[in-house]
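A short write-up of the structure that comes next.
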Amino acid sequence: MNKVETRMESCINAYHAEKPLSGTILISKDDNVIYEKAFGEASIQLGVPNKIETKYHIASVTKMFIAAAALKLHGKGQINLDYHPSTYLSGLDDLHRKITLHHLLSHTSGLFDIYDVPNLRHEVSKLLHENGNFLRYLGRQEQLFTPGEKWKYSSTGFLLISYILEEVTGKPFEKVLKEMFFEPLGMEDTGQDNPRLIHVNRAYGHTIVNGEYRNAENDKLADLVQAPGELYSTVRDLNKWCNAILSGKVLDEELSNKMFTPYATVDFDPGLKYGYGWFLRGDLRLIGGGTPGFRSEIFQYPDHKINVIMLWNNEKIQSHELFWQINRALFDE
């Protein structure tokens with residue numbers, strides 16, 4: 001074990017001793033894993049430990065796959081990022097006439113975030129009971145500002161892009177991603193997550209209420225089983241993906257540059273920019289996700305070919321806090 005690995009081991013163990021972790025961490029450099037470890041339990045109720053192979057719901061980390069798939073289709077001339085979504089999906093004519101796919105991918109559309117809808121679980125239940133159309137429901141979200149005017153996080157936009165991927169390819173969302181990325185890259189432990197189904201080695205999500213561990217609720221959109229959904233994955237599969245991004249196996253140079261171009265400054269941190277699916281800060285790119293019971297984070301230094309991947313099945317874990325300690329260990333700051 002070299003000095004960097006020793007420092008990382010020490011800082012992560014110290015953090016875990018003070019603030020117990022539950023999940024899996026993998027850190028790689030130059031395509032080599034330099035640290036990987038599982039902590040805590042995949043099911044507290046059943047006493048099943050987390051393992052390196054454990055699968056976790058990755059929530060909004062799914063957005064990097066959606067963005068890459070859209071860019072792939074753009075590169076093939078099957079979609080144009082400067083076009084209005086209704087070009088590809090009927091029923092979206094009510095969207096602001098200036099909205100483009102670019103705005104959806106860069107969180108500059110001004111569309112209200114579906115996850116901010118009050119009483120969303122009730123709304124989903126009502127929609128299902130009435131045989132409503134979720135796509136049209138998304139397209140009728142409130143317009144908060146003129147497209148391109150500023151940045152505001154909105155999962156609505158990425159869900160619309162997911163539907164466009166299905167429409168243009170004529171294939172279900174999961175199959176699109178499997179054929180484009182998961183199968184070519186050997187990502188055998190990644191797929192669309194549905195908590196109603198059995199995914200072998202998938203962790204339960206946990207939370208803490210009044211100092212006690214609890215089983216967490218499912219994602220608020222989990223009952224929409226026919227809609228494009230968020231993914232499950234493992235740290236090793238996500239490391240394959242991150243290395244493939246670095247090596248140009250996911251997107252060619254032109255399309256990769258489009259993904260990592262800073263299009264807007266985020267509204268909660270003036271030092272943070274946003275591309276397509278990724279946050280950007282200098283030589284660091286990152287993406288995270290959170291849903292009841294789960295947190296997921298990826299930090300990548302492309303110039304150093306470093307990936308830091310954290311998947312947790314405890315929503316209270318502070319990934320960013322731990323990352324900056326790992327960052328100091330990586331660079332001896």
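Going by the structure tokens order, chains are called A, B, ..., each with residues numbered from 1, while ligands are numbered from 1 in the order shown.
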
With DSSP run on the backbone, what are the strand (DSSP E or B) residues within stretch 82-280 of chain A? I'd like them as a PDB file with all heavy atoms, in the first residue's frame.
```pdb
ATOM      1  N   LEU A 111     -38.761  24.690 -16.524  1.00  0.00           N
ATOM      2  CA  LEU A 111     -39.881  23.827 -16.146  1.00  0.00           C
ATOM      3  C   LEU A 111     -39.808  23.464 -14.669  1.00  0.00           C
ATOM      4  O   LEU A 111     -38.748  23.128 -14.146  1.00  0.00           O
ATOM      5  CB  LEU A 111     -39.873  22.552 -16.989  1.00  0.00           C
ATOM      6  CG  LEU A 111     -40.419  22.650 -18.411  1.00  0.00           C
ATOM      7  CD1 LEU A 111     -40.169  21.343 -19.153  1.00  0.00           C
ATOM      8  CD2 LEU A 111     -41.906  22.980 -18.383  1.00  0.00           C
ATOM      9  N   GLN A 143     -44.235  26.797 -15.977  1.00  0.00           N
ATOM     10  CA  GLN A 143     -43.065  27.430 -16.572  1.00  0.00           C
ATOM     11  C   GLN A 143     -42.605  28.546 -15.629  1.00  0.00           C
ATOM     12  O   GLN A 143     -43.311  29.544 -15.438  1.00  0.00           O
ATOM     13  CB  GLN A 143     -43.406  28.006 -17.949  1.00  0.00           C
ATOM     14  CG  GLN A 143     -42.222  28.547 -18.713  1.00  0.00           C
ATOM     15  CD  GLN A 143     -41.301  27.452 -19.210  1.00  0.00           C
ATOM     16  OE1 GLN A 143     -41.745  26.396 -19.619  1.00  0.00           O
ATOM     17  NE2 GLN A 143     -39.996  27.700 -19.157  1.00  0.00           N
ATOM     18  N   GLY A 191     -29.156  -1.562 -14.297  1.00  0.00           N
ATOM     19  CA  GLY A 191     -30.419  -1.634 -15.023  1.00  0.00           C
ATOM     20  C   GLY A 191     -31.450  -0.723 -14.406  1.00  0.00           C
ATOM     21  O   GLY A 191     -31.185  -0.038 -13.406  1.00  0.00           O
ATOM     22  N   GLN A 192     -32.637  -0.703 -15.003  1.00  0.00           N
ATOM     23  CA  GLN A 192     -33.704   0.152 -14.474  1.00  0.00           C
ATOM     24  C   GLN A 192     -34.211  -0.425 -13.165  1.00  0.00           C
ATOM     25  O   GLN A 192     -34.535  -1.608 -13.082  1.00  0.00           O
ATOM     26  CB  GLN A 192     -34.843   0.275 -15.481  1.00  0.00           C
ATOM     27  CG  GLN A 192     -35.921   1.263 -15.039  1.00  0.00           C
ATOM     28  CD  GLN A 192     -36.863   1.661 -16.154  1.00  0.00           C
ATOM     29  OE1 GLN A 192     -36.508   1.635 -17.326  1.00  0.00           O
ATOM     30  NE2 GLN A 192     -38.075   2.039 -15.800  1.00  0.00           N
ATOM     31  N   ARG A 202     -29.555  -6.291  -4.455  1.00  0.00           N
ATOM     32  CA  ARG A 202     -29.899  -4.874  -4.305  1.00  0.00           C
ATOM     33  C   ARG A 202     -30.128  -4.563  -2.833  1.00  0.00           C
ATOM     34  O   ARG A 202     -30.810  -5.289  -2.115  1.00  0.00           O
ATOM     35  CB  ARG A 202     -31.159  -4.529  -5.085  1.00  0.00           C
ATOM     36  CG  ARG A 202     -31.574  -3.053  -4.980  1.00  0.00           C
ATOM     37  CD  ARG A 202     -32.999  -2.886  -5.502  1.00  0.00           C
ATOM     38  NE  ARG A 202     -33.479  -1.520  -5.501  1.00  0.00           N
ATOM     39  CZ  ARG A 202     -34.017  -0.888  -4.465  1.00  0.00           C
ATOM     40  NH1 ARG A 202     -34.095  -1.509  -3.284  1.00  0.00           N
ATOM     41  NH2 ARG A 202     -34.462   0.345  -4.575  1.00  0.00           N
ATOM     42  N   HIS A 206     -32.249   2.943   3.745  1.00  0.00           N
ATOM     43  CA  HIS A 206     -32.485   3.236   5.161  1.00  0.00           C
ATOM     44  C   HIS A 206     -32.460   4.737   5.426  1.00  0.00           C
ATOM     45  O   HIS A 206     -31.846   5.508   4.687  1.00  0.00           O
ATOM     46  CB  HIS A 206     -31.406   2.561   6.023  1.00  0.00           C
ATOM     47  CG  HIS A 206     -31.365   1.071   5.886  1.00  0.00           C
ATOM     48  ND1 HIS A 206     -30.248   0.396   5.434  1.00  0.00           N
ATOM     49  CD2 HIS A 206     -32.305   0.127   6.125  1.00  0.00           C
ATOM     50  CE1 HIS A 206     -30.504  -0.907   5.409  1.00  0.00           C
ATOM     51  NE2 HIS A 206     -31.740  -1.092   5.821  1.00  0.00           N
ATOM     52  N   THR A 207     -33.110   5.106   6.496  1.00  0.00           N
ATOM     53  CA  THR A 207     -33.053   6.484   6.979  1.00  0.00           C
ATOM     54  C   THR A 207     -32.939   6.440   8.496  1.00  0.00           C
ATOM     55  O   THR A 207     -32.938   5.364   9.103  1.00  0.00           O
ATOM     56  CB  THR A 207     -34.291   7.282   6.525  1.00  0.00           C
ATOM     57  OG1 THR A 207     -34.111   8.661   6.844  1.00  0.00           O
ATOM     58  CG2 THR A 207     -35.571   6.756   7.177  1.00  0.00           C
ATOM     59  N   ILE A 208     -32.820   7.613   9.107  1.00  0.00           N
ATOM     60  CA  ILE A 208     -32.745   7.702  10.568  1.00  0.00           C
ATOM     61  C   ILE A 208     -33.805   8.684  11.036  1.00  0.00           C
ATOM     62  O   ILE A 208     -33.879   9.820  10.555  1.00  0.00           O
ATOM     63  CB  ILE A 208     -31.352   8.171  11.033  1.00  0.00           C
ATOM     64  CG1 ILE A 208     -30.278   7.171  10.585  1.00  0.00           C
ATOM     65  CG2 ILE A 208     -31.328   8.316  12.556  1.00  0.00           C
ATOM     66  CD1 ILE A 208     -28.858   7.621  10.888  1.00  0.00           C
ATOM     67  N   VAL A 209     -34.658   8.245  11.951  1.00  0.00           N
ATOM     68  CA  VAL A 209     -35.712   9.086  12.523  1.00  0.00           C
ATOM     69  C   VAL A 209     -35.585   9.041  14.044  1.00  0.00           C
ATOM     70  O   VAL A 209     -35.612   7.962  14.636  1.00  0.00           O
ATOM     71  CB  VAL A 209     -37.111   8.593  12.092  1.00  0.00           C
ATOM     72  CG1 VAL A 209     -38.189   9.460  12.720  1.00  0.00           C
ATOM     73  CG2 VAL A 209     -37.233   8.590  10.570  1.00  0.00           C
ATOM     74  N   GLU A 212     -33.109   6.606  15.368  1.00  0.00           N
ATOM     75  CA  GLU A 212     -33.300   5.185  15.103  1.00  0.00           C
ATOM     76  C   GLU A 212     -33.323   4.917  13.595  1.00  0.00           C
ATOM     77  O   GLU A 212     -33.879   5.700  12.820  1.00  0.00           O
ATOM     78  CB  GLU A 212     -34.626   4.700  15.708  1.00  0.00           C
ATOM     79  CG  GLU A 212     -34.659   4.734  17.224  1.00  0.00           C
ATOM     80  CD  GLU A 212     -35.962   4.166  17.758  1.00  0.00           C
ATOM     81  OE1 GLU A 212     -36.895   3.919  16.959  1.00  0.00           O
ATOM     82  OE2 GLU A 212     -36.042   3.967  18.982  1.00  0.00           O
ATOM     83  N   TYR A 213     -32.704   3.806  13.194  1.00  0.00           N
ATOM     84  CA  TYR A 213     -32.738   3.423  11.788  1.00  0.00           C
ATOM     85  C   TYR A 213     -34.143   2.960  11.411  1.00  0.00           C
ATOM     86  O   TYR A 213     -34.829   2.274  12.170  1.00  0.00           O
ATOM     87  CB  TYR A 213     -31.739   2.296  11.504  1.00  0.00           C
ATOM     88  CG  TYR A 213     -30.302   2.772  11.450  1.00  0.00           C
ATOM     89  CD1 TYR A 213     -29.443   2.587  12.533  1.00  0.00           C
ATOM     90  CD2 TYR A 213     -29.805   3.410  10.315  1.00  0.00           C
ATOM     91  CE1 TYR A 213     -28.127   3.023  12.491  1.00  0.00           C
ATOM     92  CE2 TYR A 213     -28.499   3.853  10.262  1.00  0.00           C
ATOM     93  CZ  TYR A 213     -27.664   3.662  11.347  1.00  0.00           C
ATOM     94  OH  TYR A 213     -26.370   4.099  11.296  1.00  0.00           O
ATOM     95  N   ARG A 214     -34.553   3.346  10.204  1.00  0.00           N
ATOM     96  CA  ARG A 214     -35.850   2.923   9.669  1.00  0.00           C
ATOM     97  C   ARG A 214     -35.673   2.480   8.212  1.00  0.00           C
ATOM     98  O   ARG A 214     -34.758   2.945   7.520  1.00  0.00           O
ATOM     99  CB  ARG A 214     -36.850   4.091   9.688  1.00  0.00           C
ATOM    100  CG  ARG A 214     -37.089   4.705  11.060  1.00  0.00           C
ATOM    101  CD  ARG A 214     -38.132   3.951  11.867  1.00  0.00           C
ATOM    102  NE  ARG A 214     -38.346   4.589  13.166  1.00  0.00           N
ATOM    103  CZ  ARG A 214     -39.249   5.537  13.392  1.00  0.00           C
ATOM    104  NH1 ARG A 214     -39.992   5.983  12.390  1.00  0.00           N
ATOM    105  NH2 ARG A 214     -39.393   6.055  14.603  1.00  0.00           N
ATOM    106  N   ASN A 215     -36.552   1.597   7.742  1.00  0.00           N
ATOM    107  CA  ASN A 215     -36.625   1.333   6.310  1.00  0.00           C
ATOM    108  C   ASN A 215     -37.245   2.558   5.648  1.00  0.00           C
ATOM    109  O   ASN A 215     -38.274   3.066   6.104  1.00  0.00           O
ATOM    110  CB  ASN A 215     -37.481   0.099   6.022  1.00  0.00           C
ATOM    111  CG  ASN A 215     -36.807  -1.185   6.459  1.00  0.00           C
ATOM    112  OD1 ASN A 215     -35.593  -1.321   6.328  1.00  0.00           O
ATOM    113  ND2 ASN A 215     -37.577  -2.120   6.974  1.00  0.00           N
ATOM    114  N   LEU A 231     -32.029   4.214 -12.259  1.00  0.00           N
ATOM    115  CA  LEU A 231     -31.287   2.962 -12.364  1.00  0.00           C
ATOM    116  C   LEU A 231     -30.763   2.464 -11.026  1.00  0.00           C
ATOM    117  O   LEU A 231     -30.681   3.210 -10.052  1.00  0.00           O
ATOM    118  CB  LEU A 231     -30.093   3.151 -13.301  1.00  0.00           C
ATOM    119  CG  LEU A 231     -30.375   3.668 -14.708  1.00  0.00           C
ATOM    120  CD1 LEU A 231     -29.061   3.904 -15.455  1.00  0.00           C
ATOM    121  CD2 LEU A 231     -31.273   2.719 -15.491  1.00  0.00           C
ATOM    122  N   TYR A 232     -30.386   1.189 -11.004  1.00  0.00           N
ATOM    123  CA  TYR A 232     -29.551   0.629  -9.943  1.00  0.00           C
ATOM    124  C   TYR A 232     -28.194   0.317 -10.557  1.00  0.00           C
ATOM    125  O   TYR A 232     -28.085   0.094 -11.772  1.00  0.00           O
ATOM    126  CB  TYR A 232     -30.167  -0.635  -9.322  1.00  0.00           C
ATOM    127  CG  TYR A 232     -30.274  -1.803 -10.276  1.00  0.00           C
ATOM    128  CD1 TYR A 232     -29.167  -2.622 -10.558  1.00  0.00           C
ATOM    129  CD2 TYR A 232     -31.484  -2.100 -10.908  1.00  0.00           C
ATOM    130  CE1 TYR A 232     -29.270  -3.687 -11.447  1.00  0.00           C
ATOM    131  CE2 TYR A 232     -31.584  -3.168 -11.789  1.00  0.00           C
ATOM    132  CZ  TYR A 232     -30.472  -3.957 -12.055  1.00  0.00           C
ATOM    133  OH  TYR A 232     -30.563  -5.006 -12.935  1.00  0.00           O
ATOM    134  N   SER A 233     -27.162   0.296  -9.731  1.00  0.00           N
ATOM    135  CA  SER A 233     -25.838  -0.051 -10.239  1.00  0.00           C
ATOM    136  C   SER A 233     -24.920  -0.398  -9.071  1.00  0.00           C
ATOM    137  O   SER A 233     -25.331  -0.381  -7.903  1.00  0.00           O
ATOM    138  CB  SER A 233     -25.249   1.106 -11.060  1.00  0.00           C
ATOM    139  OG  SER A 233     -24.094   0.679 -11.775  1.00  0.00           O
ATOM    140  N   ALA A 264     -24.252  26.917 -17.848  1.00  0.00           N
ATOM    141  CA  ALA A 264     -24.916  27.839 -16.915  1.00  0.00           C
ATOM    142  C   ALA A 264     -24.285  27.712 -15.538  1.00  0.00           C
ATOM    143  O   ALA A 264     -23.683  26.687 -15.204  1.00  0.00           O
ATOM    144  CB  ALA A 264     -26.410  27.537 -16.838  1.00  0.00           C
ATOM    145  N   THR A 265     -24.433  28.769 -14.743  1.00  0.00           N
ATOM    146  CA  THR A 265     -24.000  28.750 -13.344  1.00  0.00           C
ATOM    147  C   THR A 265     -25.168  28.292 -12.485  1.00  0.00           C
ATOM    148  O   THR A 265     -26.285  28.776 -12.636  1.00  0.00           O
ATOM    149  CB  THR A 265     -23.553  30.156 -12.898  1.00  0.00           C
ATOM    150  OG1 THR A 265     -22.455  30.580 -13.714  1.00  0.00           O
ATOM    151  CG2 THR A 265     -23.122  30.147 -11.444  1.00  0.00           C
ATOM    152  N   LYS A 273     -20.639  25.129 -12.230  1.00  0.00           N
ATOM    153  CA  LYS A 273     -21.311  25.241 -13.521  1.00  0.00           C
ATOM    154  C   LYS A 273     -22.024  23.924 -13.837  1.00  0.00           C
ATOM    155  O   LYS A 273     -21.866  22.930 -13.137  1.00  0.00           O
ATOM    156  CB  LYS A 273     -20.295  25.560 -14.629  1.00  0.00           C
ATOM    157  CG  LYS A 273     -19.349  26.711 -14.331  1.00  0.00           C
ATOM    158  CD  LYS A 273     -20.073  28.037 -14.232  1.00  0.00           C
ATOM    159  CE  LYS A 273     -19.069  29.174 -14.001  1.00  0.00           C
ATOM    160  NZ  LYS A 273     -19.740  30.484 -13.870  1.00  0.00           N
ATOM    161  N   TYR A 274     -22.800  23.946 -14.928  1.00  0.00           N
ATOM    162  CA  TYR A 274     -23.503  22.722 -15.316  1.00  0.00           C
ATOM    163  C   TYR A 274     -23.375  22.501 -16.807  1.00  0.00           C
ATOM    164  O   TYR A 274     -23.517  23.430 -17.609  1.00  0.00           O
ATOM    165  CB  TYR A 274     -24.985  22.812 -14.940  1.00  0.00           C
ATOM    166  CG  TYR A 274     -25.668  21.461 -14.910  1.00  0.00           C
ATOM    167  CD1 TYR A 274     -25.554  20.629 -13.800  1.00  0.00           C
ATOM    168  CD2 TYR A 274     -26.401  21.002 -15.998  1.00  0.00           C
ATOM    169  CE1 TYR A 274     -26.161  19.385 -13.766  1.00  0.00           C
ATOM    170  CE2 TYR A 274     -27.011  19.760 -15.971  1.00  0.00           C
ATOM    171  CZ  TYR A 274     -26.886  18.948 -14.855  1.00  0.00           C
ATOM    172  OH  TYR A 274     -27.483  17.711 -14.836  1.00  0.00           O
ATOM    173  N   PHE A 279     -22.230  18.346 -13.057  1.00  0.00           N
ATOM    174  CA  PHE A 279     -21.776  19.606 -12.482  1.00  0.00           C
ATOM    175  C   PHE A 279     -20.282  19.736 -12.748  1.00  0.00           C
ATOM    176  O   PHE A 279     -19.548  18.735 -12.757  1.00  0.00           O
ATOM    177  CB  PHE A 279     -22.039  19.646 -10.975  1.00  0.00           C
ATOM    178  CG  PHE A 279     -23.490  19.688 -10.603  1.00  0.00           C
ATOM    179  CD1 PHE A 279     -24.215  18.520 -10.389  1.00  0.00           C
ATOM    180  CD2 PHE A 279     -24.152  20.906 -10.469  1.00  0.00           C
ATOM    181  CE1 PHE A 279     -25.553  18.562 -10.047  1.00  0.00           C
ATOM    182  CE2 PHE A 279     -25.500  20.962 -10.124  1.00  0.00           C
ATOM    183  CZ  PHE A 279     -26.202  19.790  -9.916  1.00  0.00           C
ATOM    184  N   LEU A 280     -19.824  20.975 -12.931  1.00  0.00           N
ATOM    185  CA  LEU A 280     -18.435  21.227 -13.308  1.00  0.00           C
ATOM    186  C   LEU A 280     -17.829  22.289 -12.408  1.00  0.00           C
ATOM    187  O   LEU A 280     -18.421  23.346 -12.197  1.00  0.00           O
ATOM    188  CB  LEU A 280     -18.367  21.685 -14.772  1.00  0.00           C
ATOM    189  CG  LEU A 280     -19.130  20.814 -15.794  1.00  0.00           C
ATOM    190  CD1 LEU A 280     -19.213  21.521 -17.135  1.00  0.00           C
ATOM    191  CD2 LEU A 280     -18.466  19.453 -15.947  1.00  0.00           C
TER     192      LEU A 280
END
```

Determine, for each residue of stretch 135-223 of chain A having at least one atom at most 8 Å from an atom of stretch 68-82 of chain A, the closest pair of atoms and their separation in Å to one decimal, counting only C-alpha atoms; order by chain and ascending number, as a Markdown table.
```
| residue | atom | partner | partner_atom | distance |
| --- | --- | --- | --- | --- |
| A:Ile161 | CA | A:Ala70 | CA | 7.4 |
| A:Leu165 | CA | A:Ala70 | CA | 6.9 |
| A:Val168 | CA | A:Gln78 | CA | 7.2 |
| A:Leu177 | CA | A:Ala69 | CA | 7.2 |
| A:Met180 | CA | A:Ala69 | CA | 7.3 |
```

Name all residues at most 10 Å from A:His122 (count only C-alpha atoms; drop same-chain ones fewer than 5 positions away) and give them as a PDB file with N, CA and C atoms, in the first residue's frame.
```
ATOM      1  N   LEU A 127     -53.132   9.755 -10.722  1.00  0.00           N
ATOM      2  CA  LEU A 127     -52.888   9.615 -12.154  1.00  0.00           C
ATOM      3  C   LEU A 127     -53.071   8.157 -12.595  1.00  0.00           C
ATOM      4  N   LEU A 128     -52.547   7.235 -11.792  1.00  0.00           N
ATOM      5  CA  LEU A 128     -52.680   5.820 -12.112  1.00  0.00           C
ATOM      6  C   LEU A 128     -54.133   5.362 -12.033  1.00  0.00           C
ATOM      7  N   LYS A 220     -40.601   8.566  -5.037  1.00  0.00           N
ATOM      8  CA  LYS A 220     -41.969   9.056  -5.194  1.00  0.00           C
ATOM      9  C   LYS A 220     -42.603   8.687  -6.536  1.00  0.00           C
TER      10      LYS A 220
END
```

The residue from A:Leu26, A:Ile298, A:Leu120, A:Leu135 with the smallest atom-to-atom distance to A:Ala222, counting only C-alpha atoms, is A:Leu120

Min atom-atom distance to A:Pro20 from the set A:Glu5, A:Glu41, A:Glu179, A:Glu36, counting only C-alpha atoms, belongs to A:Glu41

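Closest approach to A:Ser247 from the set A:Val48, A:Leu322, A:Leu185, A:Ala42 is made by A:Leu185, with distances taken over only C-alpha atoms.
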
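As for atom CA of A:Leu221 and atom CA of A:Arg121, they are spaced 7.2 Å apart.
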
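The interatomic distance for the pair atom CA of A:His320 and atom CA of A:Val250 works out to 26.2 Å.
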
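You can rank A:Phe268, A:Asn50, A:Ser125, A:His96 by their closest distance to A:Trp312 using only C-alpha atoms, and at the top of that list sits A:Asn50.
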
Taking 6 positions as the minimum chain separation for residues in the same chain, which residues sit within 12 Å of A:Arg281 when counting only C-alpha atoms? Answer as a ChimeraX atom specification. /A:260-262,264-266,269-275,287,299-302

Counting only C-alpha atoms, closest pick from A:Glu166, A:Glu18, A:Asp30, A:Asp223 relative to A:Tyr88 is A:Glu166

* Pick out the residues sitting within 12 Å of A:Pro85, and hand them over as number ranges by chain; count only C-alpha atoms, and ignore anything fewer than 4 positions along from it in its own chain. => A: 79-81, 89-105, 109, 135, 139, 157-165, 167-168

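Take atom CA of A:Gly23 and atom CA of A:Gly40: the distance between them is 6.2 Å.
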
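The smallest atom-to-atom distance between A:Lys37 and any of A:Asp219, A:Gln325, A:Val235, A:Gly110, using only C-alpha atoms, is found for A:Val235.
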